[in-house]
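Printed here is structure.tsv (TSV, C-alpha atoms):
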chain	number	residue	atom	x	y	z
A	1	MET	CA	140.92	96.83	39.26
A	2	VAL	CA	137.28	97.62	38.55
A	3	LEU	CA	136.20	94.71	40.68
A	4	ALA	CA	138.43	95.89	43.52
A	5	GLU	CA	136.89	99.34	43.37
A	6	ARG	CA	133.38	97.90	43.48
A	7	PHE	CA	134.35	95.68	46.36
A	8	ALA	CA	135.75	98.66	48.26
A	9	GLU	CA	132.63	100.73	47.49
A	10	GLY	CA	130.45	97.89	48.69
A	11	SER	CA	132.46	97.52	51.88
A	12	ARG	CA	132.11	101.22	52.64
A	13	ALA	CA	128.38	101.02	52.08
A	14	GLU	CA	128.10	98.01	54.38
A	15	ALA	CA	130.13	99.79	57.07
A	16	GLU	CA	127.99	102.89	56.78
A	17	LEU	CA	124.84	100.80	57.03
A	18	ALA	CA	126.17	98.93	60.06
A	19	THR	CA	126.95	102.22	61.81
A	20	ALA	CA	123.52	103.63	61.00
A	21	LYS	CA	121.80	100.49	62.25
A	22	THR	CA	123.83	100.53	65.48
A	23	GLU	CA	122.89	104.17	66.10
A	24	ALA	CA	119.23	103.41	65.46
A	25	ALA	CA	119.32	100.44	67.80
A	26	GLN	CA	120.95	102.56	70.52
A	27	ALA	CA	118.40	105.34	70.08
A	28	ASN	CA	115.55	102.86	70.32
A	29	ALA	CA	117.13	101.14	73.32
A	30	ILE	CA	117.32	104.47	75.18
A	31	ASN	CA	113.66	105.13	74.43
A	32	ASP	CA	112.70	101.63	75.58
A	33	GLU	CA	114.55	102.22	78.84
A	34	ILE	CA	112.68	105.48	79.39
A	35	ARG	CA	109.39	103.70	78.68
A	36	ARG	CA	110.25	100.93	81.16
A	37	SER	CA	111.13	103.44	83.88
A	38	THR	CA	107.90	105.35	83.31
A	39	LYS	CA	105.89	102.13	83.40
A	40	THR	CA	107.57	101.02	86.62
A	41	LEU	CA	106.86	104.36	88.31
A	42	VAL	CA	103.24	104.43	87.16
A	43	GLU	CA	102.64	100.83	88.23
A	44	GLY	CA	104.25	101.55	91.60
A	45	MET	CA	101.92	104.49	92.13
A	46	GLU	CA	98.90	102.45	91.10
A	47	LEU	CA	99.91	99.69	93.47
A	48	ARG	CA	100.23	102.08	96.42
A	49	SER	CA	96.96	103.79	95.66
A	50	GLY	CA	95.00	100.57	95.18
A	51	GLY	CA	94.82	100.67	91.41
A	52	LYS	CA	94.21	104.38	90.85
A	53	PRO	CA	97.04	106.41	89.29
B	1	MET	CA	135.85	63.79	3.06
B	2	ASN	CA	132.80	62.66	4.92
B	3	THR	CA	134.77	62.90	8.09
B	4	THR	CA	135.68	66.50	7.30
B	5	ILE	CA	132.06	67.41	6.63
B	6	GLN	CA	131.00	65.75	9.84
B	7	ASN	CA	133.62	67.74	11.75
B	8	ILE	CA	132.40	71.01	10.22
B	9	ASN	CA	128.76	70.17	11.15
B	10	VAL	CA	129.73	69.32	14.66
B	11	GLY	CA	131.67	72.56	14.99
B	12	THR	CA	128.76	74.59	13.64
B	13	ALA	CA	126.41	72.88	16.00
B	14	LEU	CA	128.65	73.65	18.94
B	15	ILE	CA	128.87	77.31	17.94
B	16	ALA	CA	125.10	77.45	17.57
B	17	ILE	CA	124.65	75.91	20.98
B	18	ALA	CA	127.09	78.39	22.48
B	19	ILE	CA	125.28	81.38	20.91
B	20	ALA	CA	121.97	80.01	22.05
B	21	SER	CA	123.31	79.63	25.55
B	22	VAL	CA	124.54	83.23	25.61
B	23	LEU	CA	121.22	84.51	24.28
B	24	PHE	CA	119.31	82.37	26.76
B	25	SER	CA	121.43	83.66	29.62
B	26	ALA	CA	120.92	87.25	28.52
B	27	CYS	CA	117.18	86.73	28.27
B	28	ALA	CA	117.09	85.06	31.70
B	29	ALA	CA	119.20	87.79	33.37
B	30	ALA	CA	117.21	90.72	32.04
B	31	PRO	CA	113.95	90.03	33.94
B	32	ALA	CA	115.90	89.44	37.21
B	33	GLN	CA	117.65	92.80	36.88
B	34	LEU	CA	114.35	94.54	36.21
B	35	ALA	CA	112.79	92.86	39.21
B	36	GLY	CA	115.67	94.11	41.40
B	37	LEU	CA	115.23	97.62	40.09
B	38	ALA	CA	111.53	97.63	40.74
B	39	GLU	CA	112.17	96.42	44.25
B	40	ILE	CA	114.61	99.17	45.23
B	41	ARG	CA	112.35	101.85	43.70
B	42	SER	CA	109.47	100.44	45.73
B	43	GLU	CA	111.55	100.40	48.91
B	44	LEU	CA	112.63	103.98	48.36
B	45	MET	CA	109.07	105.15	47.80
B	46	GLU	CA	107.94	103.33	50.89
B	47	LEU	CA	110.59	105.14	52.92
B	48	GLN	CA	109.82	108.52	51.37
B	49	THR	CA	106.09	108.20	52.06
B	50	ASP	CA	106.48	106.85	55.58
B	51	PRO	CA	104.81	109.47	57.83
B	52	ASN	CA	107.37	108.93	60.60
B	53	LEU	CA	110.52	108.52	58.51
B	54	GLY	CA	109.95	110.26	55.16
B	55	SER	CA	110.86	113.74	56.31
B	56	ARG	CA	113.74	112.66	58.54
B	57	ALA	CA	117.34	112.11	57.37
B	58	PRO	CA	116.73	114.09	54.12
B	59	LEU	CA	120.39	113.93	53.02
B	60	ALA	CA	120.57	110.16	53.36
B	61	ILE	CA	117.27	109.77	51.53
B	62	GLU	CA	118.56	112.06	48.79
B	63	GLU	CA	121.68	109.90	48.44
B	64	ALA	CA	119.47	106.83	48.15
B	65	GLU	CA	117.37	108.57	45.52
B	66	VAL	CA	120.48	109.31	43.46
B	67	ALA	CA	121.70	105.72	43.84
B	68	VAL	CA	118.37	104.34	42.67
B	69	HIS	CA	118.35	106.75	39.74
B	70	VAL	CA	121.84	105.59	38.72
B	71	ALA	CA	120.78	101.95	39.04
B	72	GLU	CA	117.78	102.59	36.81
B	73	GLN	CA	119.97	103.79	33.92
B	74	PRO	CA	120.34	101.19	31.13
B	75	GLN	CA	123.57	99.32	31.59
B	76	ALA	CA	125.11	96.83	29.18
B	77	ASP	CA	127.45	95.48	31.84
B	78	ALA	CA	125.23	93.14	33.85
B	79	ARG	CA	127.64	92.95	36.76
B	80	LEU	CA	127.85	96.72	37.00
B	81	ALA	CA	124.08	96.91	36.86
B	82	GLN	CA	123.85	94.40	39.68
B	83	HIS	CA	126.42	96.33	41.67
B	84	ARG	CA	124.46	99.55	41.27
B	85	ILE	CA	121.28	97.86	42.43
B	86	TYR	CA	123.12	96.47	45.40
B	87	MET	CA	124.59	99.90	46.23
B	88	ALA	CA	121.17	101.54	45.93
B	89	ASP	CA	119.71	98.93	48.26
B	90	ARG	CA	122.44	99.66	50.86
B	91	LYS	CA	121.82	103.41	50.53
B	92	ILE	CA	118.10	102.94	51.09
B	93	GLU	CA	118.70	100.77	54.16
B	94	THR	CA	121.18	103.29	55.52
B	95	ALA	CA	118.73	106.13	54.95
B	96	ARG	CA	116.03	104.15	56.72
B	97	ALA	CA	118.28	103.51	59.72
B	98	ARG	CA	119.28	107.20	59.89
B	99	ALA	CA	115.62	108.23	59.73
B	100	GLU	CA	114.74	105.75	62.47
B	101	THR	CA	117.48	107.24	64.64
B	102	ARG	CA	116.12	110.76	64.12
B	103	PHE	CA	112.60	109.55	64.81
B	104	ALA	CA	113.68	107.89	68.06
B	105	GLU	CA	115.55	111.02	69.12
B	106	ASP	CA	112.54	113.19	68.33
B	107	ARG	CA	110.29	110.87	70.34
B	108	ARG	CA	112.67	110.99	73.28
B	109	GLY	CA	111.58	114.47	74.29
B	110	ALA	CA	107.98	113.38	74.75
B	111	LEU	CA	109.02	110.17	76.49
B	112	SER	CA	111.29	112.08	78.85
B	113	GLU	CA	108.41	114.42	79.69
B	114	GLN	CA	106.22	111.41	80.50
B	115	LEU	CA	108.96	109.98	82.70
B	116	GLU	CA	109.41	113.31	84.50
B	117	ARG	CA	105.67	113.55	85.12
B	118	ALA	CA	105.68	110.00	86.52
B	119	ARG	CA	108.64	110.86	88.76
B	120	LEU	CA	106.93	113.99	90.05
B	121	GLY	CA	103.76	112.01	90.67
B	122	ALA	CA	105.67	109.33	92.54
B	123	ARG	CA	107.47	111.93	94.65
B	124	ALA	CA	104.23	113.72	95.44
B	125	ARG	CA	102.60	110.42	96.41
B	126	GLU	CA	105.58	109.55	98.57
B	127	ALA	CA	105.47	112.95	100.25
B	128	ASP	CA	101.75	112.50	100.92
B	129	THR	CA	102.43	109.09	102.46
B	130	VAL	CA	105.20	110.48	104.68
B	131	GLN	CA	102.91	113.29	105.76
B	132	VAL	CA	100.11	110.88	106.61
B	133	VAL	CA	102.50	108.65	108.60
B	134	THR	CA	103.94	111.68	110.39
B	135	MET	CA	100.51	112.99	111.23
B	136	SER	CA	99.47	109.54	112.40
B	137	SER	CA	102.56	109.22	114.61
B	138	GLU	CA	102.02	112.68	116.07
B	139	ARG	CA	98.39	111.87	116.77
B	140	GLN	CA	99.34	108.60	118.45
B	141	ALA	CA	101.96	110.36	120.58
B	142	MET	CA	99.43	112.97	121.66
B	143	GLU	CA	96.88	110.29	122.48
B	144	LEU	CA	99.46	108.33	124.46
B	145	GLN	CA	100.44	111.42	126.41
B	146	ARG	CA	96.80	112.14	127.20
B	147	LEU	CA	96.34	108.61	128.56
B	148	ILE	CA	99.55	108.83	130.58
B	149	ASP	CA	98.33	112.10	132.06
B	150	GLU	CA	95.06	110.44	132.99
B	151	LEU	CA	96.92	107.57	134.63
B	152	GLN	CA	99.16	110.02	136.50
B	153	ALA	CA	101.96	107.65	135.70
B	154	GLN	CA	105.69	108.22	135.95
B	155	ARG	CA	107.80	107.47	132.94
B	156	THR	CA	111.01	105.50	133.06
B	157	ASP	CA	113.19	104.27	130.23
B	158	ARG	CA	111.50	100.90	130.07
B	159	ALA	CA	108.06	101.42	131.52
B	160	LEU	CA	105.32	103.56	132.96
B	161	VAL	CA	104.86	103.29	136.70
B	162	MET	CA	101.58	104.28	138.27
B	163	SER	CA	100.29	104.08	141.77
B	164	LEU	CA	96.67	103.13	142.28
B	165	HIS	CA	96.31	105.99	144.70
B	166	ASN	CA	92.56	105.74	144.93
B	167	VAL	CA	92.64	102.04	145.67
B	168	VAL	CA	92.80	101.88	149.42
B	169	PHE	CA	92.88	98.69	151.42
B	170	ALA	CA	91.75	98.41	155.00
B	171	SER	CA	94.36	97.08	157.39
B	172	GLY	CA	94.70	93.34	156.95
B	173	GLU	CA	92.31	93.35	153.96
B	174	ALA	CA	92.92	92.59	150.29
B	175	ASP	CA	89.48	92.93	148.75
B	176	LEU	CA	88.60	95.69	146.35
B	177	LYS	CA	85.29	97.12	147.37
B	178	ALA	CA	82.67	98.52	145.04
B	179	GLY	CA	83.64	102.09	144.17
B	180	ASP	CA	87.27	101.46	144.99
B	181	ALA	CA	88.31	101.05	141.39
B	182	GLY	CA	89.73	104.57	141.32
B	183	ASN	CA	92.05	105.06	138.37
B	184	LEU	CA	91.86	101.37	137.52
B	185	ASP	CA	89.33	102.26	134.82
B	186	GLU	CA	91.85	104.59	133.16
B	187	LEU	CA	94.33	101.72	133.33
B	188	VAL	CA	91.82	99.40	131.65
B	189	ALA	CA	91.25	101.97	128.89
B	190	PHE	CA	94.99	102.31	128.39
B	191	LEU	CA	95.57	98.57	128.19
B	192	ILE	CA	92.75	98.17	125.68
B	193	GLU	CA	94.27	100.96	123.57
B	194	TYR	CA	97.76	99.45	123.74
B	195	PRO	CA	97.29	95.69	123.61
B	196	ASN	CA	101.00	95.01	123.08
B	197	ARG	CA	101.95	96.17	126.57
B	198	THR	CA	102.26	93.86	129.55
B	199	VAL	CA	101.78	94.78	133.17
B	200	THR	CA	103.31	93.86	136.49
B	201	ILE	CA	101.08	94.52	139.51
B	202	GLU	CA	102.98	94.90	142.75
B	203	GLY	CA	101.25	94.78	146.11
B	204	TYR	CA	102.68	96.42	149.29
B	205	THR	CA	101.71	96.48	152.93
B	206	ASP	CA	102.53	98.52	156.01
B	207	SER	CA	104.75	97.08	158.70
B	208	ILE	CA	101.99	95.83	160.96
B	209	GLY	CA	102.25	92.05	161.24
B	210	SER	CA	104.95	89.55	160.46
B	211	PRO	CA	106.92	89.75	157.24
B	212	ASN	CA	105.48	86.42	156.04
B	213	TYR	CA	101.95	87.57	156.71
B	214	ASN	CA	102.60	90.85	154.95
B	215	GLN	CA	104.13	89.01	152.00
B	216	ARG	CA	100.99	86.90	151.58
B	217	LEU	CA	98.74	89.90	152.14
B	218	SER	CA	100.58	91.95	149.50
B	219	GLN	CA	100.26	89.08	147.05
B	220	ARG	CA	96.51	88.90	147.68
B	221	ARG	CA	96.21	92.66	147.09
B	222	ALA	CA	98.08	92.37	143.80
B	223	ASP	CA	95.89	89.40	142.86
B	224	SER	CA	92.76	91.44	143.62
B	225	VAL	CA	93.80	94.09	141.13
B	226	LYS	CA	94.69	91.46	138.55
B	227	THR	CA	91.30	89.80	139.01
B	228	TYR	CA	89.60	93.15	138.50
B	229	LEU	CA	91.53	93.82	135.28
B	230	VAL	CA	90.81	90.36	133.94
B	231	GLY	CA	87.14	90.96	134.75
B	232	GLN	CA	87.31	94.08	132.58
B	233	GLY	CA	88.54	92.08	129.61
B	234	ILE	CA	92.33	92.37	129.90
B	235	GLY	CA	94.04	89.10	129.08
B	236	SER	CA	95.50	87.36	132.12
B	237	MET	CA	98.61	86.46	130.14
B	238	ARG	CA	99.50	90.14	130.02
B	239	LEU	CA	99.28	90.51	133.77
B	240	VAL	CA	101.72	89.41	136.50
B	241	ALA	CA	100.77	89.91	140.15
B	242	SER	CA	103.60	90.10	142.63
B	243	GLY	CA	103.52	90.59	146.41
B	244	LYS	CA	106.35	92.71	147.80
B	245	GLY	CA	105.35	92.64	151.48
B	246	GLU	CA	106.36	95.59	153.60
B	247	ALA	CA	109.34	96.40	151.39
B	248	ALA	CA	109.93	99.81	149.83
B	249	PRO	CA	107.66	101.93	152.00
B	250	VAL	CA	106.72	105.30	150.55
B	251	ALA	CA	105.96	106.83	153.96
B	252	GLY	CA	106.76	106.25	157.59
B	253	ASN	CA	104.93	103.41	159.32
B	254	GLU	CA	104.78	105.32	162.60
B	255	SER	CA	101.62	107.22	161.72
B	256	ALA	CA	98.27	105.90	160.54
B	257	ASP	CA	98.46	108.19	157.53
B	258	GLY	CA	101.91	106.87	156.60
B	259	ARG	CA	100.82	103.25	157.00
B	260	GLN	CA	97.82	103.88	154.73
B	261	GLN	CA	100.10	105.23	152.05
B	262	ASN	CA	102.26	102.14	152.32
B	263	ARG	CA	99.26	99.83	151.89
B	264	ARG	CA	99.20	100.29	148.13
B	265	VAL	CA	99.36	98.69	144.74
B	266	GLU	CA	101.72	99.89	142.04
B	267	VAL	CA	101.32	99.04	138.37
B	268	ILE	CA	104.26	98.84	136.00
B	269	ILE	CA	103.26	99.08	132.34
B	270	HIS	CA	106.11	97.69	130.32
B	271	ASN	CA	107.07	99.12	126.96
B	272	PRO	CA	106.74	96.79	124.00
B	273	ALA	CA	109.93	94.89	123.17
B	274	GLY	CA	112.35	97.12	121.29
B	275	ALA	CA	110.28	100.25	121.79
B	276	ALA	CA	110.25	103.11	124.21
B	277	LEU	CA	107.24	105.05	125.38
B	278	ARG	CA	107.66	108.57	124.13
For the file at hand, write its structure as structure tokens.
Amino acid sequence: MVLAERFAEGSRAEAELATAKTEAAQANAINDEIRRSTKTLVEGMELRSGGKP
Amino acid sequence: MNTTIQNINVGTALIAIAIASVLFSACAAAPAQLAGLAEIRSELMELQTDPNLGSRAPLAIEEAEVAVHVAEQPQADARLAQHRIYMADRKIETARARAETRFAEDRRGALSEQLERARLGARAREADTVQVVTMSSERQAMELQRLIDELQAQRTDRALVMSLHNVVFASGEADLKAGDAGNLDELVAFLIEYPNRTVTIEGYTDSIGSPNYNQRLSQRRADSVKTYLVGQGIGSMRLVASGKGEAAPVAGNESADGRQQNRRVEVIIHNPAGAALR
């Protein structure tokens, strides 16, 4: 019984950690996408203006 | 008897070995548990002192702190102690992930501002480019109109048609005389400015003489103009000379004045393929 409770507690902790890690990965992925878009726009401008932003 | 004593000794030895094994196991497990505890405390401190994460997700970090504190309490049950260390480790990792999420979300504002600035810059640059192109097109159209005005040409859908009104040929003659160039110089300037346009030069005569004679004469007149243009640097491949004879008179051939008007050269400046002169 005690072992079952510990197992259940451990499973909940693992699930909570998995959710938190997924949310962090999503948040970072969104930021990376914003960075990529910004970089693309800046590079496009530099290209059109011959290297000057 | 001896056998009984031997059995007792063997049993004692086995018990001693068993006790020693238990003690050895306990001694071996204790340092490992301590090492695990030290590790989770170190991880928690690292998270709490992280300048980017330490102040974010305070509730999750507090839960991790409690879990570490519970794990640090002396515990006779080794499995329970291990479980508490494991739970504390999960809590710390969860708190770290939550803090990283908050940190990423907080950074997003600044990143979005950078993106918006880049977008505005790109739009402004694009607008500038469009304006430059528009201005350039307008300037070109104005310049073209000025040249057309100088040529006194008529516009059609596919070409400009101009009459070399100042180029006058004597009856039966095809030579351009010095000073007879007339508006040919404006034509040269135009063709230099617009090198993608080709030209057909059409020669005409009055009705004096036979049609065959007039055909040849009109061809020679067209050739004279072509020769002049080539002499001014216009590529001969752009120029086609065509004699039309006494066809398509622009005035009556009864009067000398009418016949002079009919002795003429017309120049057709073709639009570039797929384009129209505006």
May I have a table of the residues of chain B lying at most 6 Å from chain A, giving each one's closest pair of atoms and their distance in Å to one decimal, counting all atoms listed in the file, ordered by chain and ascending residue number, as JSON lines?
{"residue": "B:Thr94", "atom": "CA", "partner": "A:Leu17", "partner_atom": "CA", "distance": 4.7}
{"residue": "B:Ala97", "atom": "CA", "partner": "A:Lys21", "partner_atom": "CA", "distance": 5.3}
{"residue": "B:Arg98", "atom": "CA", "partner": "A:Ala20", "partner_atom": "CA", "distance": 5.7}
{"residue": "B:Glu100", "atom": "CA", "partner": "A:Ala24", "partner_atom": "CA", "distance": 5.9}
{"residue": "B:Thr101", "atom": "CA", "partner": "A:Ala24", "partner_atom": "CA", "distance": 4.3}
{"residue": "B:Ala104", "atom": "CA", "partner": "A:Ala27", "partner_atom": "CA", "distance": 5.7}
{"residue": "B:Leu115", "atom": "CA", "partner": "A:Thr38", "partner_atom": "CA", "distance": 4.8}
Go ahead and write the selection's residues with C-alpha atoms as a CSV table (one decimal), in the coordinates of the input.
chain,number,residue,atom,x,y,z
B,94,THR,CA,121.2,103.3,55.5
B,97,ALA,CA,118.3,103.5,59.7
B,98,ARG,CA,119.3,107.2,59.9
B,100,GLU,CA,114.7,105.8,62.5
B,101,THR,CA,117.5,107.2,64.6
B,104,ALA,CA,113.7,107.9,68.1
B,115,LEU,CA,109.0,110.0,82.7
Quick one, how far is CA of Glu246 in chain B from CA of Asp206 in chain B?
5.4 Å
Would you compute the distance between CA of Ile192 in chain B and CA of Glu138 in chain B? Give it in Å to one decimal.
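Interatomic distance, CA of Ile192 in chain B to CA of Glu138 in chain B: 19.7 Å.
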Please indicate the distance in Å from CA of Glu46 in chain B to CA of Ala88 in chain B, rounded to one decimal place.
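Interatomic distance here is 14.2 Å.
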Compile the contact shell of Thr205 in chain B as a list of chain:residue names: residues with an atom at most 9 Å away, counting only C-alpha atoms, same-chain residues fewer than 3 positions apart removed.
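Contacts, with the query itself left out: B:Ser171, B:Gly172, B:Ile208, B:Asn214, B:Gln215, B:Leu217, B:Ser218, B:Arg221, B:Gly243, B:Lys244, B:Gly245, B:Glu246, B:Ala247, B:Pro249, B:Arg259, B:Gln260, B:Gln261, B:Asn262, B:Arg263, B:Arg264, B:Val265.
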Test item: which residues lie within 6 Å of (115.5, 107.6, 47.5) counting only C-alpha atoms, as a list in words
Leu44, Ile61, Glu62, Ala64 and Glu65 of chain B
Write the selection just made, keeping C-alpha atoms, as a PDB file, keeping the file's coordinate frame?
ATOM      1  CA  LEU B  44     112.630 103.980  48.360  1.00  0.00           C
ATOM      2  CA  ILE B  61     117.270 109.770  51.530  1.00  0.00           C
ATOM      3  CA  GLU B  62     118.560 112.060  48.790  1.00  0.00           C
ATOM      4  CA  ALA B  64     119.470 106.830  48.150  1.00  0.00           C
ATOM      5  CA  GLU B  65     117.370 108.570  45.520  1.00  0.00           C
TER       6      GLU B  65
END
Hey, can I get the axis-aligned box for range 64-77 of chain B? All listed atoms, 3 Å padding on each side, centre and edge lengths in Å to one decimal, as JSON.
{"center_x": 122.4, "center_y": 102.4, "center_z": 38.7, "size_x": 16.1, "size_y": 19.8, "size_z": 25.0}
List the spatial neighbours of Thr198 in chain B as a PyMOL selection string - criterion: any atom at most 7 Å away, only C-alpha atoms, same-chain residues fewer than 4 positions off excluded.
chain B and resi 238-239+269-270
